Amino acid sequence: MKTTFTQKQKFLMMFILLLGSFLTTLAETLLNNALPAIMSEMRVTQLSAQWLSTGYFLVAGITMPTAAYFTNRVNLKPLFVSIMSIFLLGLIISATANSFLVLLIGRMVQAISVGISMPLVQNVLTLIFPVEKRGFILGIAGVVISLGPAVGPTLSGVIVDHYSWRMLFIFLIPVAVLALLLGNFFIKNITPTKPDKLDVPSVLMSTVGFGSLLYGFSNIGVSTNFNSMVLVTIVLGLVIVGFFVYRQLHIEHPLLELRVFLAPSFRKVIVLASLAAISLMGPELIVPLYNQNIRGLDATTSGLTLLIGALLMAVISLISGKLYDLFGIKKLAYYGFGLAIMASIPMLWFNQTTSPIWIAIVYAIRISSLTLVYMPISVLGLNALPQKYVVYGSTIIVTIQQLATSLGTALLVAITAWGSKFGLRHGLVGKAADTVGYKWAFIVTLVITILCLIVSFKVKNRTKVEI
């Protein structure tokens with residue numbers, strides 16, 4: 001890091017980077033409450049419309065492994081400006097789309113930007129701030145990574161109930177332009193670059209491998225069928241990912257430096273981070289669906305039930321890193337996962353008459369408790385790596401969390417449908433049968449949260465370089 005940059009300049013650049021990342025992560029869940037309106041206007045089925053969300057996660061997930069290369073190879077300023085330009089282009093395409101295909105293309109273009117920006121923020125922050133400040137700084141970054149998707153459904157609910165779904169993209173355009181201009185004037189090339197090679201076969205393997213896995217599991221979530229085609233797609237994805245891993249360990253310039261897994265603490269953190277991502281993000285999709293399909297709430301009210309939780313997430317993300325610096329991960333994990341488990345239990349009794357206020361309170365306690373430990377988990381893993389591996393470790397953590405979120409939400413949607421069918425077979429009808437499906441999804445969410453607590457027993461309270 002160059003010493004010519006002051007603390008004020010670094011924090012200004014951090015603000016701009018977080019603004020850009022917030023926009024791209026916000027877009028992940030921004031269409032959750034808008035799919036019915038899009039289906040009606042574009043005359044497409046739910047199977048097709050679902051890809052506006054599933055495809056977004058798909059492209060973001062397969063783009064993330066290239067983030068380490070771009071961070072190493074491209075100066076920070078042109079990289080940020082390029083990311084925001086791509087995102088802005090995607091917004092314009094989506095806002096002016098005259099067909100579903102064009103709208104889908106716009107979403108895919110937006111997803112390219114989030115696939116690079118999410119790892120970039122953590123990569124840059126871990127490079128320009130010392131180890132003793134990482135907890136606090138990455139806690140701030142947690143606001144971006146967690147709050148963006150959290151407020152998406154709330155914001156979209158309000159907008160869709162009063163305006164066209166196109167406003168979801170239109171209102172982001174001026175903010176994206178502002179971030180682009182700020183980046184062009186104030187972002188400095190504060191991170192070092194080095195000669196690096198982009199291994200094209202690795203890019204293709206990661207694209208096809210992870211893409212096949214996400215496509216297969218997403219189709220389970222959408223169609224609830226585990227047919228031969230889905231099975232072949234998943235097996236193909238696993239095989240190609242296996243070849244991808246083998247190649248990364250046997251070439252001089254890997255796309256992802258998988259030797260980070262030689263650190264025992266990093267391996268445990270990856271397991272914990274994956275489970276925590278599913279536990280955190282899964283209900284962000286399931287609860288809005290329950291609100292509208294079972295409770296019959298409109299999009300605005302459904303979104304508002306998530307607002308308290310989203311605001312608490314912002315506050316707790318800011319202090320979670322500082323708490324980690326003071327106490328380590330153990331106390332945060334015990335209190336965070338413990339409270340989340342307690343808040344998950346009442347969700348098993350959510351039904352057609354549950355009070356929206358009670359839904360909001362339970363959801364807020366649960367999601368804020370998980371936020372207490374979500375970002376510190378990453379700090380624990382990164383501190384187990386030498387500086388030269390931190391960029392790769394950060395990229396791997398957010399990539400696997402993204403993939404886990406995609407696969408986990410697909411699983412929860414499938415379980416909801418299977419539970420509903422179970423209710424129908426046992427004499428229930430309509431919402432009564434559907435309520436069974438959501439109860440099943442909430443049970444699985446509870447189990448995953450319990451697993452988070454169990455795994456947290458196995459990690460160290462603090463880590464130091466292990467390889």
# chains A, B, ... in the order shown; residues from 1 in each chain; ligands from 1
>>> residues_around(residues="range 12-17 of chain A", least_positions_apart="4", cutoff="7 Å", atoms="only C-alpha atoms", output="ChimeraX atom specification")
/A:8,21,121,179,182-183,186-187
>>> residues_around(residues="Met313 in chain A", least_positions_apart="5", cutoff="12 Å", atoms="only C-alpha atoms", output="JSON, numbers by chain")
{"A": [139, 140, 141, 142, 143, 144, 145, 146, 147, 148, 149, 150, 151, 280, 306, 307, 308, 318, 319, 320, 363, 364, 365, 366, 367, 368, 369, 370, 371, 372, 373, 374, 375]}
>>> write_last_selection(atoms="N, CA and C atoms", output="short mmCIF file (atom, residue, chain, number, x, y, z; two decimals), in the first residue's frame")
data_model
loop_
_atom_site.label_atom_id
_atom_site.label_comp_id
_atom_site.auth_asym_id
_atom_site.auth_seq_id
_atom_site.Cartn_x
_atom_site.Cartn_y
_atom_site.Cartn_z
N GLY A 139 -16.83 -5.34 9.26
CA GLY A 139 -18.17 -5.19 9.84
C GLY A 139 -18.96 -4.14 9.09
N ILE A 140 -18.29 -3.06 8.71
CA ILE A 140 -18.94 -2.03 7.89
C ILE A 140 -19.31 -2.62 6.53
N ALA A 141 -18.39 -3.39 5.95
CA ALA A 141 -18.69 -4.03 4.67
C ALA A 141 -19.88 -4.97 4.78
N GLY A 142 -20.06 -5.53 5.98
CA GLY A 142 -21.20 -6.42 6.19
C GLY A 142 -22.53 -5.73 5.99
N VAL A 143 -22.58 -4.41 6.25
CA VAL A 143 -23.79 -3.65 5.99
C VAL A 143 -24.16 -3.75 4.52
N VAL A 144 -23.13 -3.65 3.67
CA VAL A 144 -23.35 -3.71 2.22
C VAL A 144 -23.78 -5.10 1.80
N ILE A 145 -23.01 -6.08 2.21
CA ILE A 145 -23.24 -7.46 1.75
C ILE A 145 -24.57 -7.99 2.25
N SER A 146 -24.95 -7.65 3.47
CA SER A 146 -26.17 -8.17 4.07
C SER A 146 -27.38 -7.26 3.89
N LEU A 147 -27.17 -5.95 4.03
CA LEU A 147 -28.31 -5.03 4.03
C LEU A 147 -28.91 -4.86 2.64
N GLY A 148 -28.06 -4.87 1.59
CA GLY A 148 -28.58 -4.72 0.23
C GLY A 148 -29.68 -5.71 -0.10
N PRO A 149 -29.39 -7.03 -0.02
CA PRO A 149 -30.44 -8.02 -0.28
C PRO A 149 -31.58 -7.96 0.73
N ALA A 150 -31.29 -7.50 1.96
CA ALA A 150 -32.32 -7.47 2.99
C ALA A 150 -33.38 -6.41 2.72
N VAL A 151 -32.96 -5.23 2.27
CA VAL A 151 -33.93 -4.16 2.02
C VAL A 151 -34.56 -4.24 0.64
N LEU A 280 -29.14 -17.30 6.80
CA LEU A 280 -29.46 -15.87 6.74
C LEU A 280 -30.33 -15.52 5.55
N LEU A 306 -40.24 -6.89 6.96
CA LEU A 306 -38.80 -7.18 6.94
C LEU A 306 -37.96 -5.96 7.27
N LEU A 307 -38.59 -4.79 7.36
CA LEU A 307 -37.83 -3.55 7.47
C LEU A 307 -37.10 -3.43 8.80
N ILE A 308 -37.76 -3.80 9.91
CA ILE A 308 -37.11 -3.70 11.22
C ILE A 308 -35.84 -4.54 11.24
N LEU A 318 -22.32 -2.90 11.88
CA LEU A 318 -21.33 -1.89 12.21
C LEU A 318 -20.56 -2.23 13.48
N ILE A 319 -21.21 -2.90 14.43
CA ILE A 319 -20.54 -3.18 15.70
C ILE A 319 -20.03 -4.61 15.81
N SER A 320 -20.48 -5.51 14.91
CA SER A 320 -20.08 -6.91 15.04
C SER A 320 -18.58 -7.09 14.88
N TYR A 363 -38.79 -12.22 12.86
CA TYR A 363 -37.83 -12.11 11.76
C TYR A 363 -36.68 -11.18 12.13
N ALA A 364 -36.98 -10.06 12.79
CA ALA A 364 -35.94 -9.09 13.15
C ALA A 364 -34.96 -9.68 14.15
N ILE A 365 -35.47 -10.38 15.17
CA ILE A 365 -34.58 -11.01 16.15
C ILE A 365 -33.68 -12.04 15.48
N ARG A 366 -34.26 -12.82 14.61
CA ARG A 366 -33.51 -13.89 13.97
C ARG A 366 -32.41 -13.36 13.06
N ILE A 367 -32.77 -12.44 12.17
CA ILE A 367 -31.81 -11.98 11.18
C ILE A 367 -30.72 -11.10 11.81
N SER A 368 -31.08 -10.32 12.84
CA SER A 368 -30.08 -9.49 13.50
C SER A 368 -29.12 -10.36 14.33
N SER A 369 -29.61 -11.44 14.89
CA SER A 369 -28.74 -12.35 15.64
C SER A 369 -27.72 -13.00 14.72
N LEU A 370 -28.13 -13.42 13.55
CA LEU A 370 -27.21 -14.01 12.59
C LEU A 370 -26.19 -12.98 12.09
N THR A 371 -26.63 -11.75 11.95
CA THR A 371 -25.73 -10.70 11.49
C THR A 371 -24.59 -10.48 12.48
N LEU A 372 -24.85 -10.72 13.76
CA LEU A 372 -23.84 -10.54 14.79
C LEU A 372 -22.59 -11.35 14.50
N VAL A 373 -22.75 -12.50 13.82
CA VAL A 373 -21.62 -13.39 13.61
C VAL A 373 -21.25 -13.56 12.13
N TYR A 374 -22.09 -13.05 11.23
CA TYR A 374 -21.94 -13.34 9.79
C TYR A 374 -20.60 -12.84 9.24
N MET A 375 -20.28 -11.56 9.42
CA MET A 375 -19.03 -11.02 8.89
C MET A 375 -17.80 -11.45 9.70
#
>>> closest_atom_pairs(of="range 261-355 of chain A", to="range 385-399 of chain A", cutoff="10 Å", atoms="only C-alpha atoms", output="CSV")
residue,atom,partner,partner_atom,distance
A:Phe261,CA,A:Gly393,CA,8.7
A:Leu262,CA,A:Leu385,CA,9.4
A:Ala263,CA,A:Leu385,CA,7.0
A:Ser265,CA,A:Leu385,CA,9.2
A:Phe266,CA,A:Leu385,CA,7.8
A:Val269,CA,A:Ile397,CA,8.6
A:Ile270,CA,A:Ile397,CA,6.4
A:Val271,CA,A:Ile397,CA,9.8
A:Ala273,CA,A:Ile397,CA,7.4
A:Ser274,CA,A:Ile397,CA,8.3
A:Ala277,CA,A:Val398,CA,9.6
>>> write_last_selection(atoms="C-alpha atoms", output="PDB file, in the first residue's frame")
ATOM      1  CA  PHE A 261      -7.639 -24.793   2.223  1.00  0.00           C
ATOM      2  CA  LEU A 262      -4.355 -26.030   3.685  1.00  0.00           C
ATOM      3  CA  ALA A 263      -5.210 -23.789   6.656  1.00  0.00           C
ATOM      4  CA  SER A 265      -9.254 -22.895  10.360  1.00  0.00           C
ATOM      5  CA  PHE A 266     -10.062 -21.685   6.854  1.00  0.00           C
ATOM      6  CA  VAL A 269     -14.776 -21.297   8.323  1.00  0.00           C
ATOM      7  CA  ILE A 270     -15.893 -22.232   4.791  1.00  0.00           C
ATOM      8  CA  VAL A 271     -18.313 -24.825   6.198  1.00  0.00           C
ATOM      9  CA  ALA A 273     -19.862 -19.496   6.334  1.00  0.00           C
ATOM     10  CA  SER A 274     -21.832 -21.634   3.860  1.00  0.00           C
ATOM     11  CA  ALA A 277     -25.331 -17.859   4.353  1.00  0.00           C
TER      12      ALA A 277
END
>>> select_by_dssp(residues="range 183-418 of chain A", states="alpha helix (DSSP H)", output="PyMOL selection string")
chain A and resi 183-186+200-223+228-248+264-293+299-304+307-327+329-344+356-382+387-418
>>> closest_residue(among="A:Ala27, A:Val74, A:Leu411, A:Ile294", to="Lys431 in chain A", atoms="only C-alpha atoms")
A:Ile294
>>> residues_around(residues="Ser279 in chain A", least_positions_apart="2", cutoff="9 Å", atoms="only C-alpha atoms", output="list of chain:residue names")
A:Ser274, A:Leu275, A:Ala276, A:Ala277, A:Met281, A:Gly282, A:Pro283, A:Ile367, A:Leu370, A:Thr405, A:Gly408, A:Thr445, A:Leu446, A:Ile448, A:Thr449, A:Cys452
>>> write_last_selection(atoms="N, CA and C atoms", output="mmCIF file, in the first residue's frame")
data_model
loop_
_atom_site.group_PDB
_atom_site.id
_atom_site.type_symbol
_atom_site.label_atom_id
_atom_site.label_comp_id
_atom_site.auth_asym_id
_atom_site.auth_seq_id
_atom_site.Cartn_x
_atom_site.Cartn_y
_atom_site.Cartn_z
ATOM 1 N N SER A 274 -20.823 -21.126 4.799
ATOM 2 C CA SER A 274 -21.832 -21.634 3.860
ATOM 3 C C SER A 274 -23.165 -21.865 4.558
ATOM 4 N N LEU A 275 -23.120 -22.533 5.711
ATOM 5 C CA LEU A 275 -24.352 -22.772 6.468
ATOM 6 C C LEU A 275 -24.986 -21.469 6.932
ATOM 7 N N ALA A 276 -24.153 -20.520 7.382
ATOM 8 C CA ALA A 276 -24.674 -19.237 7.852
ATOM 9 C C ALA A 276 -25.325 -18.457 6.714
ATOM 10 N N ALA A 277 -24.752 -18.559 5.502
ATOM 11 C CA ALA A 277 -25.331 -17.859 4.353
ATOM 12 C C ALA A 277 -26.729 -18.389 4.043
ATOM 13 N N MET A 281 -29.919 -15.980 4.359
ATOM 14 C CA MET A 281 -30.554 -15.532 3.121
ATOM 15 C C MET A 281 -31.798 -16.340 2.751
ATOM 16 N N GLY A 282 -31.869 -17.599 3.160
ATOM 17 C CA GLY A 282 -33.019 -18.433 2.804
ATOM 18 C C GLY A 282 -34.351 -17.832 3.214
ATOM 19 N N PRO A 283 -34.517 -17.462 4.495
ATOM 20 C CA PRO A 283 -35.785 -16.859 4.921
ATOM 21 C C PRO A 283 -36.085 -15.523 4.259
ATOM 22 N N ILE A 367 -32.766 -12.442 12.168
ATOM 23 C CA ILE A 367 -31.805 -11.975 11.177
ATOM 24 C C ILE A 367 -30.722 -11.101 11.811
ATOM 25 N N LEU A 370 -28.131 -13.415 13.550
ATOM 26 C CA LEU A 370 -27.211 -14.008 12.592
ATOM 27 C C LEU A 370 -26.194 -12.984 12.091
ATOM 28 N N THR A 405 -25.963 -19.892 -1.000
ATOM 29 C CA THR A 405 -27.246 -19.190 -0.953
ATOM 30 C C THR A 405 -28.152 -19.635 -2.094
ATOM 31 N N GLY A 408 -29.148 -23.250 -1.478
ATOM 32 C CA GLY A 408 -29.988 -23.342 -0.296
ATOM 33 C C GLY A 408 -31.395 -22.815 -0.521
ATOM 34 N N THR A 445 -34.802 -24.653 7.942
ATOM 35 C CA THR A 445 -34.042 -23.463 8.333
ATOM 36 C C THR A 445 -33.564 -23.571 9.772
ATOM 37 N N LEU A 446 -34.428 -24.051 10.654
ATOM 38 C CA LEU A 446 -34.057 -24.248 12.054
ATOM 39 C C LEU A 446 -32.914 -25.253 12.179
ATOM 40 N N ILE A 448 -30.647 -26.051 9.953
ATOM 41 C CA ILE A 448 -29.400 -25.462 9.431
ATOM 42 C C ILE A 448 -28.796 -24.500 10.451
ATOM 43 N N THR A 449 -29.627 -23.735 11.140
ATOM 44 C CA THR A 449 -29.130 -22.813 12.162
ATOM 45 C C THR A 449 -28.519 -23.568 13.331
ATOM 46 N N CYS A 452 -25.138 -24.590 12.386
ATOM 47 C CA CYS A 452 -24.199 -23.467 12.515
ATOM 48 C C CYS A 452 -23.621 -23.416 13.926
#
>>> decode(residues="range 104-129 of chain A", atoms="N, CA and C atoms", output="compact mmCIF listing (two decimals), in the first residue's frame")
# COMPACT_ATOMS: atom_id res chain seq x y z
N LEU A 104 -34.25 -10.25 -19.32
CA LEU A 104 -33.36 -11.26 -18.75
C LEU A 104 -31.89 -10.93 -19.05
N ILE A 105 -31.62 -10.49 -20.27
CA ILE A 105 -30.25 -10.11 -20.64
C ILE A 105 -29.77 -8.95 -19.76
N GLY A 106 -30.65 -7.98 -19.53
CA GLY A 106 -30.30 -6.86 -18.66
C GLY A 106 -29.94 -7.32 -17.26
N ARG A 107 -30.70 -8.28 -16.73
CA ARG A 107 -30.41 -8.82 -15.41
C ARG A 107 -29.06 -9.54 -15.40
N MET A 108 -28.75 -10.27 -16.46
CA MET A 108 -27.48 -10.98 -16.52
C MET A 108 -26.30 -10.01 -16.56
N VAL A 109 -26.49 -8.91 -17.28
CA VAL A 109 -25.43 -7.89 -17.34
C VAL A 109 -25.21 -7.29 -15.95
N GLN A 110 -26.29 -7.00 -15.24
CA GLN A 110 -26.16 -6.49 -13.87
C GLN A 110 -25.41 -7.48 -12.98
N ALA A 111 -25.70 -8.75 -13.15
CA ALA A 111 -25.11 -9.79 -12.29
C ALA A 111 -23.60 -9.89 -12.49
N ILE A 112 -23.10 -9.58 -13.68
CA ILE A 112 -21.66 -9.60 -13.91
C ILE A 112 -20.97 -8.63 -12.95
N SER A 113 -21.59 -7.47 -12.75
CA SER A 113 -20.99 -6.46 -11.87
C SER A 113 -20.96 -6.92 -10.42
N VAL A 114 -22.04 -7.55 -9.94
CA VAL A 114 -22.06 -7.98 -8.54
C VAL A 114 -21.09 -9.13 -8.34
N GLY A 115 -20.88 -9.95 -9.37
CA GLY A 115 -19.95 -11.06 -9.24
C GLY A 115 -18.53 -10.62 -8.99
N ILE A 116 -18.19 -9.43 -9.46
CA ILE A 116 -16.84 -8.91 -9.26
C ILE A 116 -16.80 -7.95 -8.06
N SER A 117 -17.86 -7.15 -7.89
CA SER A 117 -17.82 -6.11 -6.85
C SER A 117 -17.88 -6.69 -5.44
N MET A 118 -18.63 -7.77 -5.21
CA MET A 118 -18.72 -8.33 -3.86
C MET A 118 -17.36 -8.79 -3.35
N PRO A 119 -16.62 -9.61 -4.12
CA PRO A 119 -15.28 -9.98 -3.63
C PRO A 119 -14.32 -8.78 -3.63
N LEU A 120 -14.48 -7.86 -4.58
CA LEU A 120 -13.56 -6.73 -4.68
C LEU A 120 -13.54 -5.91 -3.40
N VAL A 121 -14.71 -5.64 -2.82
CA VAL A 121 -14.77 -4.81 -1.62
C VAL A 121 -13.96 -5.45 -0.49
N GLN A 122 -14.20 -6.74 -0.24
CA GLN A 122 -13.45 -7.40 0.83
C GLN A 122 -11.97 -7.46 0.50
N ASN A 123 -11.65 -7.74 -0.77
CA ASN A 123 -10.24 -7.82 -1.17
C ASN A 123 -9.52 -6.51 -0.89
N VAL A 124 -10.13 -5.39 -1.32
CA VAL A 124 -9.49 -4.09 -1.17
C VAL A 124 -9.36 -3.71 0.30
N LEU A 125 -10.44 -3.93 1.07
CA LEU A 125 -10.41 -3.54 2.48
C LEU A 125 -9.38 -4.33 3.27
N THR A 126 -9.22 -5.61 2.96
CA THR A 126 -8.22 -6.41 3.67
C THR A 126 -6.80 -6.05 3.25
N LEU A 127 -6.67 -5.44 2.08
CA LEU A 127 -5.33 -5.05 1.61
C LEU A 127 -4.91 -3.68 2.16
N ILE A 128 -5.84 -2.76 2.30
CA ILE A 128 -5.46 -1.39 2.67
C ILE A 128 -5.58 -1.10 4.16
N PHE A 129 -6.21 -2.04 4.92
CA PHE A 129 -6.30 -1.84 6.37
C PHE A 129 -5.56 -2.97 7.09
